[in-house]
Amino acid sequence: MNKVLQFTLADVSQAICVSHTSKENTVLRSGLPPEKVFVIPNAVDTAMFKPAPERLSSDEIVIVVISRLVYRKGADLLVEVIPEVCRLYPNDELSPCVRITIIKSARNCSCKFDYNFIQVVVMTHAYGKRSGVRYMTGGLKVYYVPWKPFVMQNTLPTFYGTLPIIRTILIREKISLVHGHQAFSTLCHEALMHARTMGYKVVFTDHSLYGFADAGSIHMNKVLQFTLADVSQAICVSHTSKENTVLRSGLPPEKVFVIPNAVDTAMFKPAPERLSSDEIVIVVISRLVYRKGADLLVEVIPEVCRLYPNVRFIVGGDGPKRVRIEEMREKHSLQDRVEMLGAVPHAKVQSVLISGHIFLNSSLTEAFCIAILEAASCGLLTVLPDDMVVLARPDPMDMVQAIQKAISMLPKMDPQAMHLRMKKLYSWHDVAKRTEIVYDRALRCSNQNLLERLSRYLTCGAWAGKLFCLVMIIDFLFWHLLQVLQPAKDIEEVPDIILPNCQYGEKSGDFSDA
């Protein structure tokens with residue numbers, strides 16, 4: 001080995017040793033000039049390796065050995081030392097008990113600390129050329145399944161086509177619980193269905209409000225009823241959303257938790273300097289569709305511009321109703337007072353918001369609008385507590401009156417004070433803690449066999465219930481076929497990589513501070 005080291009170091013530029021003793025040893029073994037060798041000691045990640053929150057009891061003394069059990073690591077010495085120590089400290093009333101714990105490898109030893117953590121793996125469809133596995137900031141792992149969306153960022157429903165890849169991901173990542181979002185996501189519904197077939201606990205979060213009369217809502221309500229018939233727990237973003245989801249799906253109310261959205265106040269901050277009040281800028285950022293009240297904007301904007309010559313509008317977003325707004329702008333000759341930005345990337349939303357005084361949300365239905373929180377965090381007058389709110393009915397004249405009231409309130413508003421209030425009211429750390437409680441509840445739910453689960457689907461309707469049962473039986477048989485063709489033991493599990501900033505109670509950065 002010394003000869004190999006001498007061959008390697010004969011032509012190196014510099015060398016590093018971890019101690020002065022190591023440097024002397026390396027110089028003697030390789031013949032390297034000492035001036036070429038630097039000493040840089042190792043370090044320790046103190047964010048990861050911290051003492052237990054509470055001091056351990058001294059009634060029992062625990063001696064820990066973490067090492068490879070080989071001759072060079074002194075394993076033979078342990079054979080003689082351990083019995084002698086245990087003899088000197090017997091388990092009696094006069095001396096403390098000594099217990100020795102031997103961990104044969106330091107790999108994964110961080111998992112033995114008394115810190116709870118949840119490791120999250122995200123699965124979504126491909127976005128453009130982005131597919132495969134990516135790692136995001138903070139070590140978040142994302143699987144971009146090679147399924148291309150075909151309409152409204154939704155993949156084509158396949159029922160069983162996604163089972164092989166979802167099964168592989170769940171086994172590889174040693175998943176304990178599957179959490180799906182959004183009622184319109186076909187990939188979400190299929191993932192929850194396959195997860196329940198495989199015996200995993202599932203949680204569903206609903207973000208939207210739907211009606212009961214139109215054909216689209218009736219169809220979506222039936223799909224939601226099918227998915228939620230067998231979920232462990234559900235989450236809604238507001239109490240109104242909870243009532244809507246319970247009515248649409250028939251889910252027991254005690255299974256539904258309300259956890260509101262939050263806002264990243266570190267990203268959405270007010271402008272450094274207060275804007276001039278000589279010109280009042282009203283910002284609209286929304287998808288320009290019927291449900292978001294785009295038709296109301298067509299009537300509201302000209303009237304406000306007529307009443308206030310110093311008011312200007314910035315409209316961000318795209319959709320089928322954009323043509324109507326552009327026609328309105330040309331009809332009333334408001335090209336210089338209504339700026340159309342088109343689709344705005346989320347990273348640039350804050351720069352648009354801080355250029356305005358008032359945020360106008362004309363949506364007809366909202367379960368919980370994050371855009372409102374982002375605007376309020378940037379110091380814009382919008383829809384929040386009484387001193388930050390101006391509400392209006394979905395009527396053009398009523399909205400114009402609300403805008404008039406908002407303009408009169410502007411001199412009293414302090415954007416920085418609004419931002420600080422938002423930091424206290426809405427925090428993603430609080431959302432994460434409350435979501436963890438739901439996960440714990442879901443994991444404590446009892447396991448059920450196929451027959452017990454099928455009885456739930458039968459309650460979904462005279463014909464629909466039987467159809468849902470047939471879908472689940474085929475899924476169950478397909479899963480067992482995959483178990484035969486590719487047993488779970490043949491799927492390689494991903495090794496645990498515990499990052500310091502992924503531990504419970506640790507932060508990769510203070511998301512609520514600037």
# chains A, B, ... in the order shown; residues from 1 in each chain; ligands from 1
$ select_by_dssp --residues "range 254-295 of chain A" --states "strand (DSSP E)" --output "PyMOL selection string"
chain A and resi 256-258+280-285
$ write_last_selection --atoms "C-alpha atoms" --output "short mmCIF file (atom, residue, chain, number, x, y, z; two decimals), in the first residue's frame"
data_model
loop_
_atom_site.label_atom_id
_atom_site.label_comp_id
_atom_site.auth_asym_id
_atom_site.auth_seq_id
_atom_site.Cartn_x
_atom_site.Cartn_y
_atom_site.Cartn_z
CA VAL A 256 -61.97 16.11 7.36
CA PHE A 257 -59.50 18.61 8.84
CA VAL A 258 -59.31 22.33 8.03
CA ILE A 280 -53.30 54.80 -7.97
CA VAL A 281 -52.43 51.40 -9.47
CA ILE A 282 -54.89 48.50 -9.14
CA VAL A 283 -53.39 45.05 -9.78
CA VAL A 284 -55.29 42.00 -11.03
CA ILE A 285 -53.44 38.67 -11.22
#
$ atom_distance --atom1 "CA of Cys460 in chain A" --atom2 "CA of Ala229 in chain A"
7.8 Å
$ select_by_dssp --residues "range 389-486 of chain A" --states "alpha helix (DSSP H)" --output "PyMOL selection string"
chain A and resi 396-409+415-425+428-443+450-458+464-485
$ atom_distance --atom1 "CA of Asp206 in chain A" --atom2 "CA of Gly180 in chain A"
8.8 Å
$ residues_around --residues "range 26-39 of chain A" --least-positions-apart "4" --cutoff "6 Å" --atoms "only C-alpha atoms" --output "JSON, numbers by chain"
{"A": [2, 6, 14, 15, 16, 17, 18, 19]}
$ write_last_selection --atoms "C-alpha atoms" --output "tab-separated table (two decimals), in the first residue's frame"
chain	number	residue	atom	x	y	z
A	2	ASN	CA	2.89	2.36	0.78
A	6	GLN	CA	4.34	6.60	-3.24
A	14	GLN	CA	-0.31	19.38	-2.95
A	15	ALA	CA	-1.53	16.96	-0.30
A	16	ILE	CA	-3.82	17.30	2.74
A	17	CYS	CA	-3.73	15.32	5.97
A	18	VAL	CA	-6.26	15.44	8.78
A	19	SER	CA	-3.74	15.68	11.65
$ closest_residue --among "A:Ile166, A:Ile325, A:Val223, A:Ile66" --to "Ala183 in chain A" --atoms "only C-alpha atoms"
A:Val223
$ residues_around --residues "Ile175 in chain A" --least-positions-apart "6" --cutoff "12 Å" --atoms "only C-alpha atoms" --output "list in words"
Ile118, Gln119, Val120, Val121, Val122, Met123, Ile166, Arg167, Thr168, Ile169, Ala195, Met198, Gly199, Tyr200, Lys201, Val202, Leu443, Glu493, Val494 and Asp496 of chain A
